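Shown next: entry-v6.tsv, containing TSV, C-alpha atoms and all ligand atoms.
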chain	number	residue	atom	x	y	z
A	205	LEU	CA	3.80	23.27	8.29
A	206	TYR	CA	3.64	19.46	7.95
A	207	LYS	CA	2.44	17.62	11.03
A	208	ALA	CA	1.54	14.17	9.75
A	209	PHE	CA	2.94	11.44	7.50
A	210	ILE	CA	0.57	8.88	6.00
A	211	PHE	CA	2.31	5.78	4.69
A	212	ASP	CA	1.01	3.25	2.23
A	213	LEU	CA	2.10	-0.25	3.27
A	214	ASP	CA	2.79	-2.59	0.35
A	215	GLY	CA	5.71	-1.23	-1.70
A	216	VAL	CA	6.44	1.67	0.65
A	217	LEU	CA	7.21	0.07	4.02
A	218	VAL	CA	7.59	-3.56	2.93
A	219	ASP	CA	8.03	-5.47	-0.30
A	220	THR	CA	4.99	-7.73	-0.37
A	221	ALA	CA	4.40	-7.50	-4.14
A	222	LYS	CA	6.35	-10.74	-4.57
A	223	TYR	CA	4.00	-12.57	-2.20
A	224	HIS	CA	0.90	-11.16	-3.86
A	225	PHE	CA	2.36	-12.23	-7.23
A	226	ASN	CA	3.18	-15.70	-5.97
A	227	ALA	CA	-0.30	-16.29	-4.53
A	228	TRP	CA	-2.18	-14.79	-7.50
A	229	SER	CA	-0.02	-16.82	-9.93
A	230	ARG	CA	-0.85	-19.96	-8.02
A	231	LEU	CA	-4.54	-19.16	-8.31
A	232	ALA	CA	-4.25	-18.37	-12.04
A	233	ASN	CA	-2.33	-21.60	-12.62
A	234	SER	CA	-5.02	-23.57	-10.82
A	235	LEU	CA	-7.50	-22.08	-13.29
A	236	GLY	CA	-5.27	-23.02	-16.22
A	237	PHE	CA	-3.49	-19.80	-17.18
A	238	ASP	CA	-0.57	-17.59	-16.23
A	239	PHE	CA	0.27	-13.87	-16.16
A	240	THR	CA	3.51	-11.91	-16.14
A	241	GLU	CA	5.35	-9.94	-13.50
A	242	GLN	CA	4.80	-6.88	-15.67
A	243	GLN	CA	1.04	-7.41	-15.50
A	244	ASN	CA	1.44	-7.76	-11.73
A	245	GLU	CA	2.58	-4.11	-11.66
A	246	GLU	CA	-0.98	-3.12	-12.58
A	247	LEU	CA	-2.27	-4.71	-9.38
A	248	LYS	CA	-0.34	-2.38	-7.09
A	249	GLY	CA	-2.58	-0.31	-4.87
A	250	ILE	CA	-5.70	-2.04	-6.20
A	251	SER	CA	-8.06	-3.87	-3.81
A	252	ARG	CA	-8.11	-7.64	-3.57
A	253	ILE	CA	-11.38	-8.09	-5.46
A	254	ASP	CA	-10.42	-5.61	-8.20
A	255	SER	CA	-7.10	-7.45	-8.58
A	256	LEU	CA	-8.96	-10.73	-8.99
A	257	LYS	CA	-11.27	-9.28	-11.63
A	258	LYS	CA	-8.31	-7.97	-13.64
A	259	ILE	CA	-6.52	-11.32	-13.43
A	260	LEU	CA	-9.59	-13.27	-14.52
A	261	LYS	CA	-9.89	-10.97	-17.53
A	262	TRP	CA	-6.25	-11.67	-18.48
A	263	GLY	CA	-7.07	-15.37	-18.39
A	264	ASN	CA	-10.30	-14.88	-20.36
A	265	GLN	CA	-12.25	-16.34	-17.47
A	266	GLU	CA	-15.81	-15.29	-17.03
A	267	VAL	CA	-16.82	-15.19	-13.35
A	268	ASN	CA	-19.68	-12.91	-12.36
A	269	GLU	CA	-21.14	-14.70	-9.38
A	270	GLU	CA	-20.19	-12.82	-6.22
A	271	ASN	CA	-19.85	-15.98	-4.13
A	272	GLU	CA	-17.45	-17.48	-6.62
A	273	LEU	CA	-15.37	-14.28	-6.77
A	274	ASN	CA	-15.14	-14.27	-2.98
A	275	ARG	CA	-14.24	-17.97	-2.91
A	276	LEU	CA	-11.34	-17.41	-5.32
A	277	ALA	CA	-10.15	-14.30	-3.46
A	278	ASN	CA	-10.21	-16.26	-0.20
A	279	ILE	CA	-8.14	-19.09	-1.65
A	280	LYS	CA	-5.52	-16.58	-2.79
A	281	ASN	CA	-5.58	-14.85	0.57
A	282	THR	CA	-5.02	-18.10	2.47
A	283	TRP	CA	-1.86	-18.70	0.41
A	284	TYR	CA	-0.81	-15.06	0.84
A	285	ILE	CA	-1.24	-15.22	4.62
A	286	GLU	CA	0.88	-18.37	4.78
A	287	MET	CA	3.73	-16.31	3.32
A	288	ILE	CA	3.32	-13.06	5.24
A	289	GLU	CA	3.09	-14.97	8.51
A	290	LYS	CA	6.74	-15.84	7.95
A	291	MET	CA	7.86	-12.23	7.38
A	292	THR	CA	10.59	-10.78	9.59
A	293	PRO	CA	11.88	-7.26	10.40
A	294	ASP	CA	14.58	-7.83	7.72
A	295	GLU	CA	11.90	-7.28	5.12
A	296	ILE	CA	11.31	-3.63	5.97
A	297	LEU	CA	12.38	-1.63	2.91
A	298	PRO	CA	15.69	0.33	2.96
A	299	GLY	CA	15.66	3.48	5.08
A	300	VAL	CA	12.13	2.97	6.38
A	301	TYR	CA	12.93	2.06	9.98
A	302	ASP	CA	15.26	5.03	10.56
A	303	PHE	CA	12.84	7.36	8.82
A	304	LEU	CA	10.03	6.26	11.16
A	305	VAL	CA	12.29	6.71	14.20
A	306	LEU	CA	13.27	10.25	13.12
A	307	SER	CA	9.70	11.22	12.23
A	308	GLN	CA	8.46	10.10	15.62
A	309	LYS	CA	11.32	11.91	17.37
A	310	GLU	CA	10.40	15.14	15.62
A	311	GLY	CA	6.80	14.85	16.81
A	312	ILE	CA	5.32	14.11	13.40
A	313	LYS	CA	2.15	12.05	13.66
A	314	ILE	CA	2.25	8.78	11.75
A	315	ALA	CA	-0.60	6.90	10.08
A	316	LEU	CA	-1.00	3.93	7.81
A	317	GLY	CA	-3.17	4.41	4.71
A	318	SER	CA	-3.39	1.03	3.01
A	319	ALA	CA	-5.84	-0.92	0.87
A	320	SER	CA	-4.74	-4.17	2.49
A	321	LYS	CA	-6.92	-6.15	4.85
A	322	ASN	CA	-3.77	-7.89	6.07
A	323	ALA	CA	-1.99	-4.77	7.30
A	324	GLU	CA	-2.11	-5.63	10.97
A	325	ILE	CA	-0.28	-8.92	10.59
A	326	ILE	CA	2.38	-7.42	8.31
A	327	LEU	CA	3.09	-4.54	10.72
A	328	LYS	CA	3.27	-7.01	13.58
A	329	ARG	CA	5.56	-9.51	11.87
A	330	THR	CA	7.96	-6.73	10.81
A	331	GLY	CA	7.86	-5.11	14.25
A	332	ILE	CA	6.75	-1.58	13.32
A	333	THR	CA	3.19	-1.40	14.70
A	334	HIS	CA	4.23	0.83	17.60
A	335	PHE	CA	5.16	3.73	15.30
A	336	PHE	CA	1.58	4.28	14.18
A	337	ASP	CA	-0.79	6.77	15.80
A	338	ALA	CA	-3.56	5.63	13.46
A	339	ILE	CA	-4.00	2.58	11.24
A	340	VAL	CA	-6.42	2.83	8.33
A	341	ASP	CA	-6.53	-0.31	6.21
A	342	GLY	CA	-8.79	-2.15	3.81
A	343	ASN	CA	-11.08	-3.20	6.65
A	344	LEU	CA	-11.96	0.42	7.44
A	345	VAL	CA	-12.67	1.87	4.02
A	346	LYS	CA	-15.49	1.33	1.56
A	347	LYS	CA	-13.95	2.91	-1.52
A	348	SER	CA	-10.51	1.86	-2.68
A	349	LYS	CA	-7.77	4.06	-4.16
A	350	PRO	CA	-7.85	6.21	-6.32
A	351	ASP	CA	-10.71	7.29	-4.04
A	352	PRO	CA	-9.16	9.41	-1.26
A	353	GLU	CA	-11.29	7.89	1.54
A	354	VAL	CA	-8.35	6.02	3.10
A	355	PHE	CA	-6.19	9.15	3.41
A	356	ILE	CA	-9.06	11.36	4.62
A	357	LYS	CA	-9.85	8.81	7.35
A	358	ALA	CA	-6.20	8.81	8.43
A	359	GLN	CA	-6.09	12.62	8.45
A	360	GLN	CA	-9.24	12.78	10.58
A	361	LEU	CA	-8.00	10.17	13.05
A	362	LEU	CA	-4.73	12.09	13.43
A	363	LYS	CA	-6.70	15.30	13.99
A	364	VAL	CA	-4.64	17.35	11.55
A	365	LYS	CA	-5.55	19.41	8.50
A	366	ILE	CA	-5.36	18.07	4.96
A	367	GLN	CA	-2.64	20.56	4.08
A	368	GLU	CA	-0.57	19.34	7.04
A	369	CYS	CA	-0.33	15.78	5.66
A	370	VAL	CA	2.29	14.16	3.46
A	371	VAL	CA	1.40	10.83	1.82
A	372	PHE	CA	4.01	8.22	0.84
A	373	GLU	CA	2.92	6.04	-2.08
A	374	ASP	CA	4.36	3.57	-4.59
A	375	ALA	CA	1.29	3.17	-6.80
A	376	GLN	CA	-0.33	5.53	-9.30
A	377	ALA	CA	-3.76	4.80	-7.78
A	378	GLY	CA	-2.40	6.06	-4.44
A	379	ILE	CA	-0.85	9.21	-5.93
A	380	ASP	CA	-4.16	9.96	-7.61
A	381	ALA	CA	-6.02	9.38	-4.32
A	382	ALA	CA	-3.80	11.86	-2.45
A	383	LYS	CA	-4.02	14.40	-5.26
A	384	ALA	CA	-7.81	14.13	-5.39
A	385	VAL	CA	-7.80	15.99	-2.06
A	386	SER	CA	-4.64	18.03	-2.81
A	387	MET	CA	-2.46	16.29	-0.23
A	388	LYS	CA	1.29	16.46	-0.74
A	389	VAL	CA	2.62	13.13	-1.94
A	390	VAL	CA	6.04	11.54	-2.08
A	391	GLY	CA	6.31	8.83	-4.73
A	392	ILE	CA	8.43	5.80	-3.90
A	393	GLY	CA	9.78	4.18	-7.07
A	394	LEU	CA	10.41	5.38	-10.62
A	395	PRO	CA	9.17	8.82	-11.80
A	396	SER	CA	7.77	7.23	-14.97
A	397	ASN	CA	5.30	5.18	-12.90
A	398	LEU	CA	4.29	7.97	-10.53
A	399	THR	CA	2.73	10.84	-12.42
A	400	GLY	CA	1.71	13.82	-10.31
A	401	ALA	CA	3.82	13.14	-7.21
A	402	ASP	CA	5.42	16.22	-5.59
A	403	MET	CA	8.72	14.39	-5.55
A	404	VAL	CA	9.87	10.86	-6.31
A	405	THR	CA	12.64	8.83	-4.69
A	406	PRO	CA	13.52	5.15	-5.19
A	407	ASP	CA	13.38	4.55	-1.42
A	408	LEU	CA	13.63	6.32	1.95
A	409	GLU	CA	17.31	5.63	2.44
A	410	ASN	CA	19.36	8.69	3.47
A	411	TRP	CA	16.32	10.92	3.89
A	412	THR	CA	15.46	12.78	7.06
A	413	PRO	CA	11.95	14.23	7.49
A	414	ASP	CA	13.41	17.78	7.28
A	415	LYS	CA	15.38	17.12	4.10
A	416	LEU	CA	12.37	15.55	2.48
A	417	ILE	CA	9.93	18.26	3.51
A	418	ALA	CA	12.25	20.87	2.00
A	419	LYS	CA	11.81	19.18	-1.40
A	420	ILE	CA	8.03	19.16	-1.65
A	501	LIG	C1	-2.41	-3.07	-1.68
A	501	LIG	C2	-1.56	-3.84	-2.65
A	501	LIG	O1	-1.59	-2.44	-0.74
A	501	LIG	O2	-3.31	-3.94	-1.01
A	501	LIG	C3	-2.46	-4.60	-3.63
A	501	LIG	O3	-0.73	-2.95	-3.37
A	501	LIG	C4	-3.43	-5.47	-2.85
A	501	LIG	O4	-1.67	-5.35	-4.50
A	501	LIG	C5	-4.21	-4.64	-1.85
A	501	LIG	O5	-4.32	-6.14	-3.74
A	501	LIG	C6	-5.17	-5.47	-1.00
A	501	LIG	O6	-4.41	-6.32	-0.18
A	501	LIG	P1	-4.97	-7.54	0.66
A	501	LIG	O7	-3.84	-7.86	1.60
A	501	LIG	O8	-6.18	-7.04	1.42
A	501	LIG	O9	-5.31	-8.61	-0.26
A	502	MG	MG	1.53	0.26	-2.34
Turn this file's structure into structure tokens for me.
Amino acid sequence: LYKAFIFDLDGVLVDTAKYHFNAWSRLANSLGFDFTEQQNEELKGISRIDSLKKILKWGNQEVNEENELNRLANIKNTWYIEMIEKMTPDEILPGVYDFLVLSQKEGIKIALGSASKNAEIILKRTGITHFFDAIVDGNLVKKSKPDPEVFIKAQQLLKVKIQECVVFEDAQAGIDAAKAVSMKVVGIGLPSNLTGADMVTPDLENWTPDKLIAKI
């Protein structure tokens, strides 16, 4: 029935939200304001430029010029890259590594479906690149989640049907993207933040692909 798993990256395979928060906070501080960790939750799953626009709004900063928006996003990204370049395999989230091993063993095709343009370096630093049959990241898509483009691209590259895919997501924008094309979706996190998921679990610890598939 299910032949392919499509994993979001940030918040599903690795915990990079703290690095995004650190780098965005640094940028906000340099512009003379601050924002909270709770506000940071709203940035999950959202593209880099959309995140920047939200943050600037929180700080009542008016920036419309595209060059200036890109300049600020690049500054943040330079700081972010400095941090993710130091990531290690220890930073893979609980249960993820074993779940990837089991999925691969059972012949399930594995894809990445992420908004991040830094996916390649994160997969490499954490040592999990080799699990992926297809990698679709922010460099390959035009429309960001909740648009389903990223998951459709992954499904096409894996050469499976939509109804054969299961998406793993930690952000509401990602759940909505999967549901826009009626893909099954496993929410990673708290049920209150993940409306519409077919099932929700705090992490992938103690799950086998079979056990999980039986629940959706
Ligand atoms: C998503 C994150 O996976 O990628 C967002 O949840 C982030 O917080 C987005 O803004 C884009 O990431 P990057 O690495 O291209 O800035
Ligand atoms: Mg995510």
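The space separating atom C3 of ligand LIG 501 (chain A) from atom CA of A:Gly249 comes to 4.5 Å.
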Using all atoms listed in the file, determine which residues fall within 6 Å of ligand LIG 501 (chain A), then list them as a PyMOL selection string. chain A and resi 213-214+247-252+255+318-322
Spatial neighbours of A:Gly311, 12 Å, all atoms listed in the file, chain gap at least 5 places, as a list of chain:residue names: A:Tyr206, A:Lys207, A:Ala208, A:Phe209, A:Leu304, A:Val305, A:Leu306, A:Phe335, A:Asp337, A:Pro413, A:Asp414
Point out the residue among A:Ser229, A:Thr220, A:Asn264, A:Gln243 with the least atom-to-atom distance to ligand MG 502 (chain A), counting all atoms listed in the file.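 For ligand MG 502 (chain A), the nearest of the given residues is A:Thr220.
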Using only C-alpha atoms, which protein or nucleic acid residues come within 9 Å of stretch 341-358 of chain A? Drop anything in the same chain fewer than 2 positions from it, and give the result as a PyMOL selection string. chain A and resi 210+249-251+315-324+338-339+360-363+366+371+376-385+387
Would you write out those residues with C-alpha atoms, as a PDB file, in the frame of the given file?
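Dumped to again_5.pdb:
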ATOM      1  CA  ILE A 210       0.570   8.880   6.000  1.00  0.00           C
ATOM      2  CA  GLY A 249      -2.580  -0.310  -4.870  1.00  0.00           C
ATOM      3  CA  ILE A 250      -5.700  -2.040  -6.200  1.00  0.00           C
ATOM      4  CA  SER A 251      -8.060  -3.870  -3.810  1.00  0.00           C
ATOM      5  CA  ALA A 315      -0.600   6.900  10.080  1.00  0.00           C
ATOM      6  CA  LEU A 316      -1.000   3.930   7.810  1.00  0.00           C
ATOM      7  CA  GLY A 317      -3.170   4.410   4.710  1.00  0.00           C
ATOM      8  CA  SER A 318      -3.390   1.030   3.010  1.00  0.00           C
ATOM      9  CA  ALA A 319      -5.840  -0.920   0.870  1.00  0.00           C
ATOM     10  CA  SER A 320      -4.740  -4.170   2.490  1.00  0.00           C
ATOM     11  CA  LYS A 321      -6.920  -6.150   4.850  1.00  0.00           C
ATOM     12  CA  ASN A 322      -3.770  -7.890   6.070  1.00  0.00           C
ATOM     13  CA  ALA A 323      -1.990  -4.770   7.300  1.00  0.00           C
ATOM     14  CA  GLU A 324      -2.110  -5.630  10.970  1.00  0.00           C
ATOM     15  CA  ALA A 338      -3.560   5.630  13.460  1.00  0.00           C
ATOM     16  CA  ILE A 339      -4.000   2.580  11.240  1.00  0.00           C
ATOM     17  CA  GLN A 360      -9.240  12.780  10.580  1.00  0.00           C
ATOM     18  CA  LEU A 361      -8.000  10.170  13.050  1.00  0.00           C
ATOM     19  CA  LEU A 362      -4.730  12.090  13.430  1.00  0.00           C
ATOM     20  CA  LYS A 363      -6.700  15.300  13.990  1.00  0.00           C
ATOM     21  CA  ILE A 366      -5.360  18.070   4.960  1.00  0.00           C
ATOM     22  CA  VAL A 371       1.400  10.830   1.820  1.00  0.00           C
ATOM     23  CA  GLN A 376      -0.330   5.530  -9.300  1.00  0.00           C
ATOM     24  CA  ALA A 377      -3.760   4.800  -7.780  1.00  0.00           C
ATOM     25  CA  GLY A 378      -2.400   6.060  -4.440  1.00  0.00           C
ATOM     26  CA  ILE A 379      -0.850   9.210  -5.930  1.00  0.00           C
ATOM     27  CA  ASP A 380      -4.160   9.960  -7.610  1.00  0.00           C
ATOM     28  CA  ALA A 381      -6.020   9.380  -4.320  1.00  0.00           C
ATOM     29  CA  ALA A 382      -3.800  11.860  -2.450  1.00  0.00           C
ATOM     30  CA  LYS A 383      -4.020  14.400  -5.260  1.00  0.00           C
ATOM     31  CA  ALA A 384      -7.810  14.130  -5.390  1.00  0.00           C
ATOM     32  CA  VAL A 385      -7.800  15.990  -2.060  1.00  0.00           C
ATOM     33  CA  MET A 387      -2.460  16.290  -0.230  1.00  0.00           C
TER      34      MET A 387
END
Out of A:Ile314, A:Val300, A:Val404, A:Leu276, which residue has the shortest atom-to-atom distance to A:Cys369 when counting all atoms listed in the file?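 Of the candidates, the smallest distance to A:Cys369 is held by A:Ile314.
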For A:Trp228: contacts at 9 Å, only C-alpha atoms, fewer than 6 positions along chain excluded, given as a PDB file with C-alpha atoms, keeping the file's coordinate frame:
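The resulting file, around_14.pdb, is shown below:
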ATOM      1  CA  ASN A 244       1.440  -7.760 -11.730  1.00  0.00           C
ATOM      2  CA  SER A 255      -7.100  -7.450  -8.580  1.00  0.00           C
ATOM      3  CA  LEU A 256      -8.960 -10.730  -8.990  1.00  0.00           C
ATOM      4  CA  ILE A 259      -6.520 -11.320 -13.430  1.00  0.00           C
ATOM      5  CA  ALA A 277     -10.150 -14.300  -3.460  1.00  0.00           C
ATOM      6  CA  LYS A 280      -5.520 -16.580  -2.790  1.00  0.00           C
ATOM      7  CA  ASN A 281      -5.580 -14.850   0.570  1.00  0.00           C
ATOM      8  CA  TRP A 283      -1.860 -18.700   0.410  1.00  0.00           C
ATOM      9  CA  TYR A 284      -0.810 -15.060   0.840  1.00  0.00           C
TER      10      TYR A 284
END
From atom CA of A:Asn397 to atom CA of A:Leu205 the spacing works out at 27.9 Å
Between A:Leu408, A:Leu260, A:Ala375, A:Ala227, single out the one closest to A:Glu245, counting all atoms listed in the file.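 Closest residue, counting all atoms listed in the file: A:Ala375.
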Residue with the minimum atom-to-atom distance to ligand MG 502 (chain A), picked from A:Gln359, A:Glu246, A:Glu373, A:Leu297 with only C-alpha atoms and all ligand atoms counted, is A:Glu373
Taking all atoms listed in the file into account, which of A:Thr282, A:Phe372, A:Asn274, A:Ile325 comes nearest ligand MG 502 (chain A)?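 Going through A:Thr282, A:Phe372, A:Asn274, A:Ile325 one by one, the smallest distance to ligand MG 502 (chain A) is for A:Phe372.
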Hey, what's within 12 Å of A:Lys261 if we count only C-alpha atoms and toss same-chain stuff fewer than 4 positions away? As a ChimeraX atom specification, please? /A:232,237-239,243,254-257,265-268
Selection from above, C-alpha atoms, as a PDB file, keeping the file's coordinate frame, can you write it?
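New file out03.pdb:
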ATOM      1  CA  ALA A 232      -4.250 -18.370 -12.040  1.00  0.00           C
ATOM      2  CA  PHE A 237      -3.490 -19.800 -17.180  1.00  0.00           C
ATOM      3  CA  ASP A 238      -0.570 -17.590 -16.230  1.00  0.00           C
ATOM      4  CA  PHE A 239       0.270 -13.870 -16.160  1.00  0.00           C
ATOM      5  CA  GLN A 243       1.040  -7.410 -15.500  1.00  0.00           C
ATOM      6  CA  ASP A 254     -10.420  -5.610  -8.200  1.00  0.00           C
ATOM      7  CA  SER A 255      -7.100  -7.450  -8.580  1.00  0.00           C
ATOM      8  CA  LEU A 256      -8.960 -10.730  -8.990  1.00  0.00           C
ATOM      9  CA  LYS A 257     -11.270  -9.280 -11.630  1.00  0.00           C
ATOM     10  CA  GLN A 265     -12.250 -16.340 -17.470  1.00  0.00           C
ATOM     11  CA  GLU A 266     -15.810 -15.290 -17.030  1.00  0.00           C
ATOM     12  CA  VAL A 267     -16.820 -15.190 -13.350  1.00  0.00           C
ATOM     13  CA  ASN A 268     -19.680 -12.910 -12.360  1.00  0.00           C
TER      14      ASN A 268
END
Just want the 10 Å neighbourhood of A:Gly331, counted on all atoms listed in the file, with same-chain residues fewer than 4 positions away dropped. Output as a PDB file with C-alpha atoms, in the frame of the given file.
ATOM      1  CA  MET A 291       7.860 -12.230   7.380  1.00  0.00           C
ATOM      2  CA  THR A 292      10.590 -10.780   9.590  1.00  0.00           C
ATOM      3  CA  PRO A 293      11.880  -7.260  10.400  1.00  0.00           C
ATOM      4  CA  ASP A 294      14.580  -7.830   7.720  1.00  0.00           C
ATOM      5  CA  ILE A 296      11.310  -3.630   5.970  1.00  0.00           C
ATOM      6  CA  TYR A 301      12.930   2.060   9.980  1.00  0.00           C
ATOM      7  CA  ILE A 325      -0.280  -8.920  10.590  1.00  0.00           C
ATOM      8  CA  ILE A 326       2.380  -7.420   8.310  1.00  0.00           C
ATOM      9  CA  LEU A 327       3.090  -4.540  10.720  1.00  0.00           C
ATOM     10  CA  PHE A 335       5.160   3.730  15.300  1.00  0.00           C
TER      11      PHE A 335
END
